$ cat data22.cif   # mmCIF, C-alpha atoms and all ligand atoms
data_input
#
loop_
_atom_site.label_atom_id
_atom_site.label_comp_id
_atom_site.auth_asym_id
_atom_site.auth_seq_id
_atom_site.Cartn_x
_atom_site.Cartn_y
_atom_site.Cartn_z
CA MET A 257 16.89 32.09 73.39
CA ASN A 258 15.71 35.00 71.27
CA GLU A 259 13.63 37.62 73.05
CA LYS A 260 9.88 37.03 72.99
CA ILE A 261 7.87 38.65 70.22
CA TRP A 262 4.36 39.38 71.48
CA LEU A 263 1.11 39.30 69.55
CA SER A 264 0.14 42.85 70.58
CA SER A 265 1.68 44.68 73.51
CA PRO A 266 1.14 48.14 75.04
CA HIS A 267 2.89 50.97 73.21
CA MET A 268 3.20 54.24 75.11
CA SER A 269 3.76 57.63 73.48
CA GLY A 270 5.69 59.21 76.33
CA ASN A 271 2.94 61.81 76.90
CA GLU A 272 0.97 59.64 79.32
CA GLN A 273 3.02 60.31 82.46
CA ALA A 274 2.52 64.08 82.27
CA TYR A 275 -1.25 63.60 82.54
CA ILE A 276 -0.83 61.14 85.41
CA LYS A 277 1.57 63.47 87.22
CA GLU A 278 -0.95 66.28 86.88
CA ALA A 279 -3.64 64.04 88.38
CA PHE A 280 -1.38 63.35 91.39
CA ASP A 281 -0.28 66.98 91.72
CA THR A 282 -3.91 68.15 91.85
CA ASN A 283 -5.08 65.13 93.89
CA TRP A 284 -7.62 64.06 91.26
CA VAL A 285 -7.20 60.38 92.17
CA ALA A 286 -10.81 59.35 91.69
CA PRO A 287 -13.24 57.93 89.14
CA LEU A 288 -13.87 61.46 87.90
CA GLY A 289 -11.76 64.51 87.13
CA PRO A 290 -10.22 66.55 84.31
CA ASN A 291 -8.53 63.58 82.60
CA VAL A 292 -11.84 61.69 82.39
CA ASN A 293 -13.51 64.71 80.78
CA GLY A 294 -10.45 65.36 78.61
CA PHE A 295 -10.26 61.78 77.38
CA GLU A 296 -13.98 61.77 76.58
CA ASN A 297 -13.56 65.01 74.62
CA ASP A 298 -10.56 63.60 72.73
CA LEU A 299 -12.56 60.52 71.75
CA GLN A 300 -15.52 62.63 70.75
CA SER A 301 -13.43 64.86 68.46
CA TYR A 302 -11.82 61.77 66.98
CA LEU A 303 -15.05 59.94 66.26
CA GLY A 304 -16.85 63.09 65.16
CA LYS A 305 -20.48 62.95 64.18
CA GLU A 306 -22.84 63.14 67.12
CA SER A 307 -20.94 60.95 69.59
CA HIS A 308 -21.32 61.30 73.32
CA ILE A 309 -18.70 59.30 75.21
CA ALA A 310 -18.85 57.78 78.69
CA ALA A 311 -15.41 56.54 79.79
CA LEU A 312 -15.80 53.28 81.71
CA ALA A 313 -13.81 50.60 83.49
CA SER A 314 -13.81 48.23 80.48
CA GLY A 315 -15.35 47.42 77.14
CA THR A 316 -17.23 44.62 78.86
CA SER A 317 -18.89 47.03 81.29
CA ALA A 318 -19.80 49.27 78.32
CA LEU A 319 -21.53 46.29 76.68
CA HIS A 320 -23.33 45.48 79.91
CA LEU A 321 -24.62 49.06 80.27
CA SER A 322 -25.63 49.11 76.58
CA LEU A 323 -27.88 46.11 77.15
CA ILE A 324 -29.38 47.75 80.24
CA LEU A 325 -29.99 51.01 78.34
CA LEU A 326 -31.79 49.06 75.62
CA GLY A 327 -33.99 47.43 78.24
CA VAL A 328 -32.69 43.87 77.92
CA THR A 329 -33.88 41.85 80.90
CA ALA A 330 -34.23 38.23 82.06
CA GLY A 331 -35.80 35.94 79.49
CA ASP A 332 -35.00 38.18 76.49
CA GLU A 333 -33.00 37.01 73.51
CA VAL A 334 -30.07 38.96 72.07
CA ILE A 335 -28.39 38.14 68.77
CA CYS A 336 -24.60 38.13 68.89
CA GLN A 337 -21.96 37.53 66.24
CA SER A 338 -20.58 34.06 66.97
CA LYS A 339 -17.09 34.82 65.75
CA THR A 340 -15.87 37.14 68.46
CA PHE A 341 -14.20 37.32 71.86
CA SER A 342 -16.35 36.01 74.72
CA ALA A 343 -16.70 39.50 76.22
CA SER A 344 -19.15 40.37 73.40
CA ALA A 345 -21.55 37.68 74.63
CA ASN A 346 -21.03 37.41 78.40
CA PRO A 347 -22.98 40.58 79.33
CA ILE A 348 -26.10 39.10 77.68
CA VAL A 349 -25.96 36.41 80.34
CA TYR A 350 -25.27 38.97 83.10
CA GLN A 351 -28.77 40.29 82.28
CA GLY A 352 -30.31 36.82 82.49
CA ALA A 353 -30.96 36.95 78.74
CA THR A 354 -30.14 34.27 76.16
CA PRO A 355 -27.54 34.79 73.44
CA VAL A 356 -28.50 33.68 69.93
CA PHE A 357 -25.36 33.21 67.84
CA VAL A 358 -25.15 34.08 64.16
CA ASP A 359 -22.35 33.08 61.79
CA SER A 360 -20.06 35.24 59.65
CA GLU A 361 -19.64 36.03 55.96
CA SER A 362 -16.30 35.21 54.35
CA THR A 363 -15.80 38.71 52.86
CA THR A 364 -15.46 40.50 56.24
CA TRP A 365 -15.40 37.59 58.75
CA ASN A 366 -18.20 39.47 60.53
CA LEU A 367 -21.95 39.01 60.91
CA CYS A 368 -23.52 37.50 57.77
CA PRO A 369 -26.59 39.53 56.75
CA ILE A 370 -28.30 36.47 55.25
CA GLN A 371 -27.86 34.34 58.36
CA LEU A 372 -28.89 37.32 60.48
CA GLU A 373 -32.23 37.60 58.71
CA ILE A 374 -32.78 33.83 58.86
CA ALA A 375 -32.14 33.96 62.61
CA ILE A 376 -34.47 36.92 63.23
CA LYS A 377 -37.30 35.35 61.23
CA ASP A 378 -36.89 32.04 63.01
CA ARG A 379 -36.79 33.57 66.50
CA ILE A 380 -39.92 35.58 65.71
CA ALA A 381 -41.62 32.43 64.38
CA LYS A 382 -40.67 30.71 67.65
CA GLY A 383 -42.44 33.47 69.55
CA LYS A 384 -39.70 35.87 70.60
CA LYS A 385 -38.33 38.85 68.74
CA PRO A 386 -34.66 39.49 69.63
CA LYS A 387 -34.21 42.58 71.80
CA ALA A 388 -30.86 43.67 70.30
CA ILE A 389 -28.08 42.69 67.91
CA ILE A 390 -24.40 42.77 68.88
CA ALA A 391 -22.33 43.25 65.71
CA VAL A 392 -18.52 43.22 65.86
CA HIS A 393 -15.82 44.79 63.65
CA LEU A 394 -13.45 41.88 64.22
CA TYR A 395 -9.68 42.48 64.07
CA GLY A 396 -10.52 46.02 62.92
CA MET A 397 -12.36 45.04 59.73
CA PRO A 398 -15.73 46.81 59.57
CA TYR A 399 -18.78 44.61 59.34
CA ASN A 400 -21.05 45.09 56.33
CA VAL A 401 -22.73 48.15 57.82
CA ASP A 402 -25.24 48.85 55.03
CA ALA A 403 -26.51 45.28 54.80
CA ILE A 404 -26.59 44.59 58.55
CA HIS A 405 -28.31 47.84 59.46
CA LYS A 406 -30.85 47.32 56.67
CA VAL A 407 -31.88 43.97 58.16
CA ALA A 408 -31.98 45.43 61.68
CA LYS A 409 -34.14 48.32 60.47
CA THR A 410 -36.55 46.02 58.66
CA TYR A 411 -37.29 44.25 61.95
CA ASP A 412 -36.81 47.34 64.10
CA ILE A 413 -34.10 45.83 66.33
CA PRO A 414 -31.38 48.09 67.79
CA ILE A 415 -27.70 47.39 67.11
CA ILE A 416 -24.93 47.48 69.70
CA GLU A 417 -21.75 48.07 67.73
CA ASP A 418 -18.82 46.26 69.36
CA SER A 419 -15.97 48.47 68.21
CA ALA A 420 -13.50 47.16 70.81
CA GLU A 421 -11.02 46.15 68.11
CA SER A 422 -11.75 48.84 65.54
CA LEU A 423 -10.92 52.31 66.86
CA GLY A 424 -9.38 54.04 63.81
CA SER A 425 -11.27 51.91 61.25
CA HIS A 426 -13.90 53.36 58.96
CA TYR A 427 -16.59 52.34 56.51
CA LYS A 428 -17.49 54.53 53.52
CA GLY A 429 -15.67 57.39 55.26
CA GLN A 430 -17.55 57.12 58.56
CA ASN A 431 -15.70 56.04 61.72
CA CYS A 432 -16.40 52.69 63.35
CA GLY A 433 -17.97 53.37 66.72
CA THR A 434 -20.57 55.76 65.25
CA PHE A 435 -22.94 53.37 63.48
CA GLY A 436 -24.75 51.55 66.26
CA ASP A 437 -27.74 52.64 68.31
CA LEU A 438 -25.01 52.34 70.94
CA ALA A 439 -21.34 51.46 70.45
CA ILE A 440 -18.51 50.36 72.71
CA LEU A 441 -14.73 50.78 72.71
CA SER A 442 -12.03 48.95 74.64
CA PHE A 443 -8.65 50.15 75.90
CA ASN A 444 -7.47 46.85 77.32
CA GLY A 445 -3.75 46.05 77.32
CA ASN A 446 -3.57 44.55 73.85
CA LYS A 447 -5.90 46.90 71.98
CA ILE A 448 -4.82 49.54 69.43
CA ILE A 449 -4.55 52.06 72.24
CA THR A 450 -4.55 51.06 75.88
CA THR A 451 -5.16 52.65 79.26
CA SER A 452 -3.95 49.40 80.91
CA GLY A 453 -7.64 48.54 81.22
CA GLY A 454 -10.66 50.57 80.26
CA GLY A 455 -13.47 51.10 77.83
CA ALA A 456 -16.11 53.52 76.68
CA LEU A 457 -19.73 53.67 75.67
CA VAL A 458 -20.55 55.79 72.64
CA ALA A 459 -24.09 57.15 72.71
CA PRO A 460 -25.96 59.14 70.06
CA THR A 461 -27.39 61.64 72.59
CA LYS A 462 -26.16 63.38 75.71
CA ALA A 463 -29.20 62.08 77.60
CA LEU A 464 -28.16 58.47 76.97
CA LYS A 465 -24.56 59.21 77.92
CA ASP A 466 -25.73 60.83 81.16
CA LYS A 467 -27.85 57.80 81.93
CA ALA A 468 -24.84 55.52 81.35
CA VAL A 469 -22.69 57.63 83.69
CA PHE A 470 -25.48 57.59 86.30
CA LEU A 471 -25.68 53.78 86.22
CA ALA A 472 -21.87 53.49 86.15
CA THR A 473 -21.52 55.54 89.36
CA GLN A 474 -23.85 53.53 91.60
CA ALA A 475 -27.10 55.15 90.38
CA ARG A 476 -27.13 57.88 92.99
CA ASP A 477 -30.28 59.97 92.78
CA ASN A 478 -30.06 63.72 93.21
CA ALA A 479 -30.31 64.08 97.02
CA PRO A 480 -28.00 65.17 99.85
CA HIS A 481 -28.14 61.67 101.34
CA TYR A 482 -27.50 58.53 99.29
CA LEU A 483 -30.79 57.78 97.58
CA HIS A 484 -31.29 54.99 95.06
CA SER A 485 -34.21 54.12 92.86
CA HIS A 486 -32.17 51.96 90.41
CA ILE A 487 -29.58 49.20 90.75
CA GLY A 488 -26.20 50.82 90.14
CA TYR A 489 -22.76 49.68 89.04
CA ASN A 490 -19.21 50.73 89.78
CA TYR A 491 -18.11 51.00 86.15
CA ARG A 492 -16.59 54.48 85.77
CA MET A 493 -13.04 55.03 84.52
CA SER A 494 -10.59 56.54 87.01
CA ASN A 495 -8.88 59.88 86.42
CA ILE A 496 -5.43 58.17 86.54
CA VAL A 497 -6.34 55.65 83.85
CA ALA A 498 -7.93 58.38 81.72
CA GLY A 499 -4.60 60.24 81.83
CA ILE A 500 -3.01 57.29 80.02
CA GLY A 501 -5.83 57.51 77.50
CA ARG A 502 -5.18 61.18 76.77
CA GLY A 503 -1.53 60.39 76.08
CA GLN A 504 -2.52 57.48 73.85
CA MET A 505 -4.90 59.59 71.79
CA THR A 506 -1.95 61.69 70.62
CA ILE A 507 -0.54 58.71 68.71
CA LEU A 508 -3.64 56.74 67.70
CA ASP A 509 -3.29 57.58 64.00
CA SER A 510 0.36 56.55 63.92
CA HIS A 511 -0.57 53.26 65.62
CA VAL A 512 -3.13 52.62 62.89
CA ALA A 513 -0.55 53.42 60.21
CA LYS A 514 2.02 51.09 61.78
CA ARG A 515 -0.43 48.20 62.18
CA ARG A 516 -1.47 48.60 58.56
CA ALA A 517 2.21 48.61 57.58
CA ASN A 518 2.72 45.34 59.51
CA HIS A 519 -0.08 43.80 57.48
CA GLU A 520 1.47 45.01 54.19
CA PHE A 521 4.84 43.63 55.29
CA TYR A 522 3.38 40.17 55.86
CA LYS A 523 1.44 40.28 52.59
CA ASN A 524 4.60 41.05 50.63
CA ALA A 525 6.72 38.62 52.61
CA PHE A 526 4.43 35.62 51.98
CA GLN A 527 2.97 36.30 48.54
CA HIS A 528 5.03 33.42 47.11
CA ILE A 529 3.52 30.92 49.61
CA ASP A 530 0.24 29.70 48.12
CA LYS A 531 -0.85 28.05 51.39
CA ILE A 532 -1.16 31.51 52.97
CA SER A 533 -3.97 33.95 52.19
CA PHE A 534 -5.16 37.26 53.65
CA LEU A 535 -8.50 39.01 54.15
CA SER A 536 -8.50 41.97 51.79
CA GLU A 537 -10.40 45.20 52.33
CA PRO A 538 -13.57 45.37 50.25
CA GLU A 539 -14.21 48.67 48.41
CA GLY A 540 -15.11 51.39 50.93
CA TYR A 541 -13.73 49.50 53.96
CA PHE A 542 -10.73 50.73 55.95
CA SER A 543 -9.40 48.39 58.66
CA ASN A 544 -7.02 49.49 61.41
CA ARG A 545 -5.54 45.96 61.00
CA TRP A 546 -5.49 45.63 64.78
CA LEU A 547 -4.23 42.09 64.33
CA SER A 548 -2.66 40.76 61.14
CA CYS A 549 -4.35 37.45 60.40
CA ILE A 550 -3.52 34.80 57.85
CA LEU A 551 -5.47 31.79 56.62
CA LEU A 552 -3.64 28.53 56.01
CA ASP A 553 -4.79 25.69 53.77
CA SER A 554 -5.64 23.33 56.66
CA TYR A 555 -5.81 22.89 60.42
CA ASP A 556 -2.59 20.84 60.35
CA THR A 557 -0.63 23.55 58.55
CA ARG A 558 -1.98 26.18 60.92
CA GLU A 559 -1.19 24.23 64.07
CA GLY A 560 2.24 23.21 62.74
CA LEU A 561 3.05 26.84 62.02
CA ARG A 562 1.82 28.00 65.43
CA LEU A 563 4.09 25.48 67.16
CA ALA A 564 7.06 26.33 64.91
CA LEU A 565 6.66 30.01 65.83
CA GLU A 566 6.36 29.15 69.52
CA LYS A 567 9.72 27.34 69.28
CA GLU A 568 11.21 30.60 68.01
CA ASN A 569 9.66 32.44 70.96
CA ILE A 570 7.13 34.17 68.69
CA GLU A 571 3.57 34.46 69.97
CA SER A 572 0.77 33.73 67.51
CA ARG A 573 -2.85 32.77 68.16
CA PRO A 574 -5.63 30.96 66.33
CA LEU A 575 -8.52 33.22 65.31
CA TRP A 576 -11.26 33.52 67.97
CA LYS A 577 -12.98 30.22 68.66
CA PRO A 578 -16.62 30.90 67.75
CA MET A 579 -19.04 31.29 70.65
CA HIS A 580 -21.30 28.49 69.39
CA GLN A 581 -18.33 26.15 69.92
CA GLN A 582 -17.68 27.29 73.51
CA PRO A 583 -18.66 24.82 76.24
CA VAL A 584 -20.27 27.62 78.28
CA PHE A 585 -22.65 28.46 75.41
CA LYS A 586 -23.37 24.92 74.21
CA ASP A 587 -27.13 25.26 74.76
CA ALA A 588 -27.52 28.62 73.03
CA PRO A 589 -29.43 28.66 69.72
CA SER A 590 -27.15 29.31 66.74
CA TYR A 591 -27.54 29.96 63.03
CA LEU A 592 -24.53 28.66 61.16
CA ASN A 593 -23.10 28.47 57.66
CA GLY A 594 -19.67 26.96 58.39
CA VAL A 595 -17.66 30.17 57.85
CA SER A 596 -16.58 30.84 61.44
CA ASP A 597 -15.74 27.16 62.01
CA GLU A 598 -13.46 27.16 58.98
CA LEU A 599 -11.82 30.44 59.99
CA PHE A 600 -11.11 28.99 63.43
CA GLU A 601 -9.56 25.89 61.89
CA LYS A 602 -7.32 27.63 59.39
CA GLY A 603 -6.70 31.11 60.77
CA LEU A 604 -3.74 32.46 62.71
CA CYS A 605 -3.02 35.93 64.14
CA LEU A 606 0.60 37.03 63.76
CA PRO A 607 2.53 39.52 65.91
CA SER A 608 0.87 42.87 65.13
CA GLY A 609 1.95 45.47 67.69
CA SER A 610 2.60 49.07 66.67
CA ASN A 611 5.92 48.73 68.53
CA LEU A 612 7.30 45.85 66.42
CA SER A 613 10.77 46.59 65.08
CA ASP A 614 12.01 45.68 61.58
CA VAL A 615 14.28 43.10 63.21
CA GLU A 616 11.28 41.48 64.91
CA LEU A 617 9.16 41.51 61.75
CA ASN A 618 12.02 39.89 59.86
CA ARG A 619 12.34 37.21 62.55
CA VAL A 620 8.67 36.33 62.00
CA LYS A 621 9.18 36.34 58.23
CA THR A 622 12.21 34.04 58.44
CA ALA A 623 10.52 31.63 60.85
CA ILE A 624 7.49 31.29 58.55
CA ASN A 625 9.62 30.90 55.42
CA VAL A 626 11.71 28.20 57.10
CA TYR A 627 8.55 26.35 58.16
CA PHE A 628 7.20 26.28 54.60
CA GLU A 629 10.57 25.29 53.11
CA LYS A 630 10.54 22.25 55.41
CA CYS A 631 6.98 21.11 54.70
C1 LIG B 1 -11.48 43.28 74.08
C2 LIG B 1 -12.85 43.05 73.56
C3 LIG B 1 -13.97 43.29 74.36
C4 LIG B 1 -13.92 43.61 75.82
O1 LIG B 1 -13.22 44.72 76.18
P1 LIG B 1 -12.54 44.80 77.64
O2 LIG B 1 -12.11 46.21 77.71
O3 LIG B 1 -11.39 43.84 77.62
O4 LIG B 1 -13.56 44.45 78.65
C5 LIG B 1 -15.22 43.13 73.79
N1 LIG B 1 -15.37 42.74 72.52
C6 LIG B 1 -14.31 42.47 71.73
C7 LIG B 1 -14.53 42.05 70.32
C8 LIG B 1 -13.01 42.59 72.23
O5 LIG B 1 -11.97 42.29 71.46
#
$ encode --input "data22.cif" --output "structure tokens"
Amino acid sequence: MNEKIWLSSPHMSGNEQAYIKEAFDTNWVAPLGPNVNGFENDLQSYLGKESHIAALASGTSALHLSLILLGVTAGDEVICQSKTFSASANPIVYQGATPVFVDSESTTWNLCPIQLEIAIKDRIAKGKKPKAIIAVHLYGMPYNVDAIHKVAKTYDIPIIEDSAESLGSHYKGQNCGTFGDLAILSFNGNKIITTSGGGALVAPTKALKDKAVFLATQARDNAPHYLHSHIGYNYRMSNIVAGIGRGQMTILDSHVAKRRANHEFYKNAFQHIDKISFLSEPEGYFSNRWLSCILLDSYDTREGLRLALEKENIESRPLWKPMHQQPVFKDAPSYLNGVSDELFEKGLCLPSGSNLSDVELNRVKTAINVYFEKC
């Protein structure tokens, strides 16, 4: 059997272990320390603008704290892009709030501004203005920032920018992760850079960052004894994990370049197959192409191809199953136009790691060509 080709696996630079060794040598084995500060500074210089970073245990915990910082509590409604990973929506429920799912547009696969406005108007008419909007740059493709933020501004609703998949992407020259009232990043094992597990909250002011860190470290008030006037969380990133992050930051740009090259490779390799299409970058959009996705002409073709690749020991995965189709969210209100359902039916993510070799890419190419020659 050929060796397994993964969808997206960790890719170390070689610099990570020096930072971890330093943490051990100086006994900074704690959820604070020089690597945490260093990693936050690295992210801040990368994102630029006025970003204040709190390094956390995960992207999910960053989303949870974002909702808390925006004052989302039990009984509130929060709008969330339906086409996303479940971690975008779960923290809404942690707060006892209700997710309201909104469909995508076909030009970015992200939040549709028209459906968004329909949803907001309807929720207001039903007596409840949504407390926040969670917008996602899925697979690294920026959402339609101008249109989405215009709608949000009209109704004065804050945006949480889920940038878990889009570190290194930009829109009209501005980095993803700097548009939202708050934004989040993820460094989970399969993301464009990884710390094995981790995330960050990106805040527009130092005061908000400090509040996030306060809540993430058990909400300890300033007193010699342990004094608490808020419910706290244990959500801070450890100094060991942050050392991996500092090493990863040294090669982020080359990871983006390689993932974009993977996407170009697939586009060239399959341009003669008219049952395969790709999502192109609209003018002004720059995607990190975290995952290379293709659309097939039907569910049957997509599922047939997935199984054919599996036989060759090549991992592929259907695009995210929309949240409005998830059993756990079956009672949530949703505003749909059919786009995310169709993407789920026909879409497939191909191996996309920044560590894929030419031999591996050519194995994927051959397997897909053979499949289409047969059918
Ligand atoms: C990975 C991911 C998250 C969650 O990040 P974790 O670090 O895994 O908790 C949230 N949203 C999206 C879109 C993601 O892909």
$ closest_residue --input "data22.cif" --among "A:Ile413, A:Ala375, A:Gly603, A:Ser572" --to "Asp556 in chain A" --atoms "all atoms listed in the file"
A:Gly603
$ closest_residue --input "data22.cif" --among "A:Gly429, A:Pro290, A:Thr450, A:Asn400" --to "ligand LIG 1 (chain B)" --atoms "all atoms listed in the file"
A:Thr450
$ residues_near_ligand --input "data22.cif" --ligand "ligand LIG 1 (chain B)" --cutoff "7 Å" --atoms "all atoms listed in the file" --output "NGL selection string"
:A and (314-317 or 340-341 or 343-344 or 392 or 394 or 418-421 or 442-444 or 447 or 453-455)
$ residues_around --input "data22.cif" --residues "Val512 in chain A" --least-positions-apart "6" --cutoff "8 Å" --atoms "only C-alpha atoms" --output "PyMOL selection string"
chain A and resi 424+448+544-546+610
$ closest_residue --input "data22.cif" --among "A:Ile389, A:Met493, A:Val469, A:Val626" --to "Phe526 in chain A" --atoms "all atoms listed in the file"
A:Val626
$ residues_near_point --input "data22.cif" --point "(-5.4, 56.2, 62.1)" --cutoff "12 Å" --atoms "all atoms listed in the file" --output "JSON, numbers by chain"
{"A": [302, 303, 396, 422, 423, 424, 425, 426, 431, 432, 448, 449, 505, 506, 507, 508, 509, 510, 511, 512, 513, 514, 515, 516, 517, 542, 543, 544, 545, 546, 610]}
$ write_last_selection --input "data22.cif" --atoms "C-alpha atoms" --output "PDB file, in the frame of the given file"
ATOM      1  CA  TYR A 302     -11.820  61.770  66.980  1.00  0.00           C
ATOM      2  CA  LEU A 303     -15.050  59.940  66.260  1.00  0.00           C
ATOM      3  CA  GLY A 396     -10.520  46.020  62.920  1.00  0.00           C
ATOM      4  CA  SER A 422     -11.750  48.840  65.540  1.00  0.00           C
ATOM      5  CA  LEU A 423     -10.920  52.310  66.860  1.00  0.00           C
ATOM      6  CA  GLY A 424      -9.380  54.040  63.810  1.00  0.00           C
ATOM      7  CA  SER A 425     -11.270  51.910  61.250  1.00  0.00           C
ATOM      8  CA  HIS A 426     -13.900  53.360  58.960  1.00  0.00           C
ATOM      9  CA  ASN A 431     -15.700  56.040  61.720  1.00  0.00           C
ATOM     10  CA  CYS A 432     -16.400  52.690  63.350  1.00  0.00           C
ATOM     11  CA  ILE A 448      -4.820  49.540  69.430  1.00  0.00           C
ATOM     12  CA  ILE A 449      -4.550  52.060  72.240  1.00  0.00           C
ATOM     13  CA  MET A 505      -4.900  59.590  71.790  1.00  0.00           C
ATOM     14  CA  THR A 506      -1.950  61.690  70.620  1.00  0.00           C
ATOM     15  CA  ILE A 507      -0.540  58.710  68.710  1.00  0.00           C
ATOM     16  CA  LEU A 508      -3.640  56.740  67.700  1.00  0.00           C
ATOM     17  CA  ASP A 509      -3.290  57.580  64.000  1.00  0.00           C
ATOM     18  CA  SER A 510       0.360  56.550  63.920  1.00  0.00           C
ATOM     19  CA  HIS A 511      -0.570  53.260  65.620  1.00  0.00           C
ATOM     20  CA  VAL A 512      -3.130  52.620  62.890  1.00  0.00           C
ATOM     21  CA  ALA A 513      -0.550  53.420  60.210  1.00  0.00           C
ATOM     22  CA  LYS A 514       2.020  51.090  61.780  1.00  0.00           C
ATOM     23  CA  ARG A 515      -0.430  48.200  62.180  1.00  0.00           C
ATOM     24  CA  ARG A 516      -1.470  48.600  58.560  1.00  0.00           C
ATOM     25  CA  ALA A 517       2.210  48.610  57.580  1.00  0.00           C
ATOM     26  CA  PHE A 542     -10.730  50.730  55.950  1.00  0.00           C
ATOM     27  CA  SER A 543      -9.400  48.390  58.660  1.00  0.00           C
ATOM     28  CA  ASN A 544      -7.020  49.490  61.410  1.00  0.00           C
ATOM     29  CA  ARG A 545      -5.540  45.960  61.000  1.00  0.00           C
ATOM     30  CA  TRP A 546      -5.490  45.630  64.780  1.00  0.00           C
ATOM     31  CA  SER A 610       2.600  49.070  66.670  1.00  0.00           C
TER      32      SER A 610
END
$ closest_residue --input "data22.cif" --among "A:Asn569, A:Lys305, A:Thr451, A:His320" --to "Asn490 in chain A" --atoms "all atoms listed in the file"
A:His320
$ residues_near_point --input "data22.cif" --point "(-32.5, 31.6, 62.4)" --cutoff "12 Å" --atoms "only C-alpha atoms" --output "JSON list (two decimals) with C-alpha atoms, in the frame of the given file"
[["chain", "number", "residue", "atom", "x", "y", "z"],
["A", 335, "ILE", "CA", -28.39, 38.14, 68.77],
["A", 356, "VAL", "CA", -28.50, 33.68, 69.93],
["A", 357, "PHE", "CA", -25.36, 33.21, 67.84],
["A", 358, "VAL", "CA", -25.15, 34.08, 64.16],
["A", 359, "ASP", "CA", -22.35, 33.08, 61.79],
["A", 368, "CYS", "CA", -23.52, 37.50, 57.77],
["A", 369, "PRO", "CA", -26.59, 39.53, 56.75],
["A", 370, "ILE", "CA", -28.30, 36.47, 55.25],
["A", 371, "GLN", "CA", -27.86, 34.34, 58.36],
["A", 372, "LEU", "CA", -28.89, 37.32, 60.48],
["A", 373, "GLU", "CA", -32.23, 37.60, 58.71],
["A", 374, "ILE", "CA", -32.78, 33.83, 58.86],
["A", 375, "ALA", "CA", -32.14, 33.96, 62.61],
["A", 376, "ILE", "CA", -34.47, 36.92, 63.23],
["A", 377, "LYS", "CA", -37.30, 35.35, 61.23],
["A", 378, "ASP", "CA", -36.89, 32.04, 63.01],
["A", 379, "ARG", "CA", -36.79, 33.57, 66.50],
["A", 380, "ILE", "CA", -39.92, 35.58, 65.71],
["A", 381, "ALA", "CA", -41.62, 32.43, 64.38],
["A", 382, "LYS", "CA", -40.67, 30.71, 67.65],
["A", 384, "LYS", "CA", -39.70, 35.87, 70.60],
["A", 385, "LYS", "CA", -38.33, 38.85, 68.74],
["A", 386, "PRO", "CA", -34.66, 39.49, 69.63],
["A", 589, "PRO", "CA", -29.43, 28.66, 69.72],
["A", 590, "SER", "CA", -27.15, 29.31, 66.74],
["A", 591, "TYR", "CA", -27.54, 29.96, 63.03],
["A", 592, "LEU", "CA", -24.53, 28.66, 61.16],
["A", 593, "ASN", "CA", -23.10, 28.47, 57.66]]
$ closest_residue --input "data22.cif" --among "A:Asn366, A:Gln430, A:Thr329, A:Gln337" --to "Tyr350 in chain A" --atoms "all atoms listed in the file"
A:Thr329
$ closest_residue --input "data22.cif" --among "A:His580, A:His519, A:Lys630, A:Lys462" --to "Leu606 in chain A" --atoms "only C-alpha atoms"
A:His519
$ residues_around --input "data22.cif" --residues "Ile532 in chain A" --least-positions-apart "4" --cutoff "9 Å" --atoms "only C-alpha atoms" --output "number ranges by chain"
A: 526-528, 550-553
$ residues_around --input "data22.cif" --residues "Leu464 in chain A" --least-positions-apart "4" --cutoff "12 Å" --atoms "all atoms listed in the file" --output "MDAnalysis selection string"
chainID A and resid 307:310 321:322 324:326 437:439 457:460 468:471
$ atom_distance --input "data22.cif" --atom1 "CA of Gly594 in chain A" --atom2 "CA of Gly436 in chain A"
26.3 Å
$ residues_around --input "data22.cif" --residues "Ser548 in chain A" --least-positions-apart "5" --cutoff "10 Å" --atoms "only C-alpha atoms" --output "JSON, numbers by chain"
{"A": [263, 395, 396, 515, 516, 517, 518, 519, 520, 521, 522, 523, 534, 535, 604, 605, 606, 607, 608, 609]}
$ residues_around --input "data22.cif" --residues "Ala391 in chain A" --least-positions-apart "5" --cutoff "7 Å" --atoms "only C-alpha atoms" --output "list in words"
Cys336, Gln337, Leu367, Ile415, Ile416, Glu417 and Asp418 of chain A
$ write_last_selection --input "data22.cif" --atoms "C-alpha atoms" --output "short mmCIF file (atom, residue, chain, number, x, y, z; two decimals), in the frame of the given file"
data_model
loop_
_atom_site.label_atom_id
_atom_site.label_comp_id
_atom_site.auth_asym_id
_atom_site.auth_seq_id
_atom_site.Cartn_x
_atom_site.Cartn_y
_atom_site.Cartn_z
CA CYS A 336 -24.60 38.13 68.89
CA GLN A 337 -21.96 37.53 66.24
CA LEU A 367 -21.95 39.01 60.91
CA ILE A 415 -27.70 47.39 67.11
CA ILE A 416 -24.93 47.48 69.70
CA GLU A 417 -21.75 48.07 67.73
CA ASP A 418 -18.82 46.26 69.36
#
$ atom_distance --input "data22.cif" --atom1 "CA of Ala456 in chain A" --atom2 "CA of Ala274 in chain A"
22.1 Å
$ axis_aligned_box --input "data22.cif" --around "range 418-425 of chain A" --padding-each-side "5 Å" --output "lines of an AutoDock Vina configuration file"
center_x = -14.1
center_y = 50.1
center_z = 66.0
size_x = 19.4
size_y = 17.9
size_z = 19.6
$ atom_distance --input "data22.cif" --atom1 "CA of Asn495 in chain A" --atom2 "CA of Ala311 in chain A"
9.9 Å
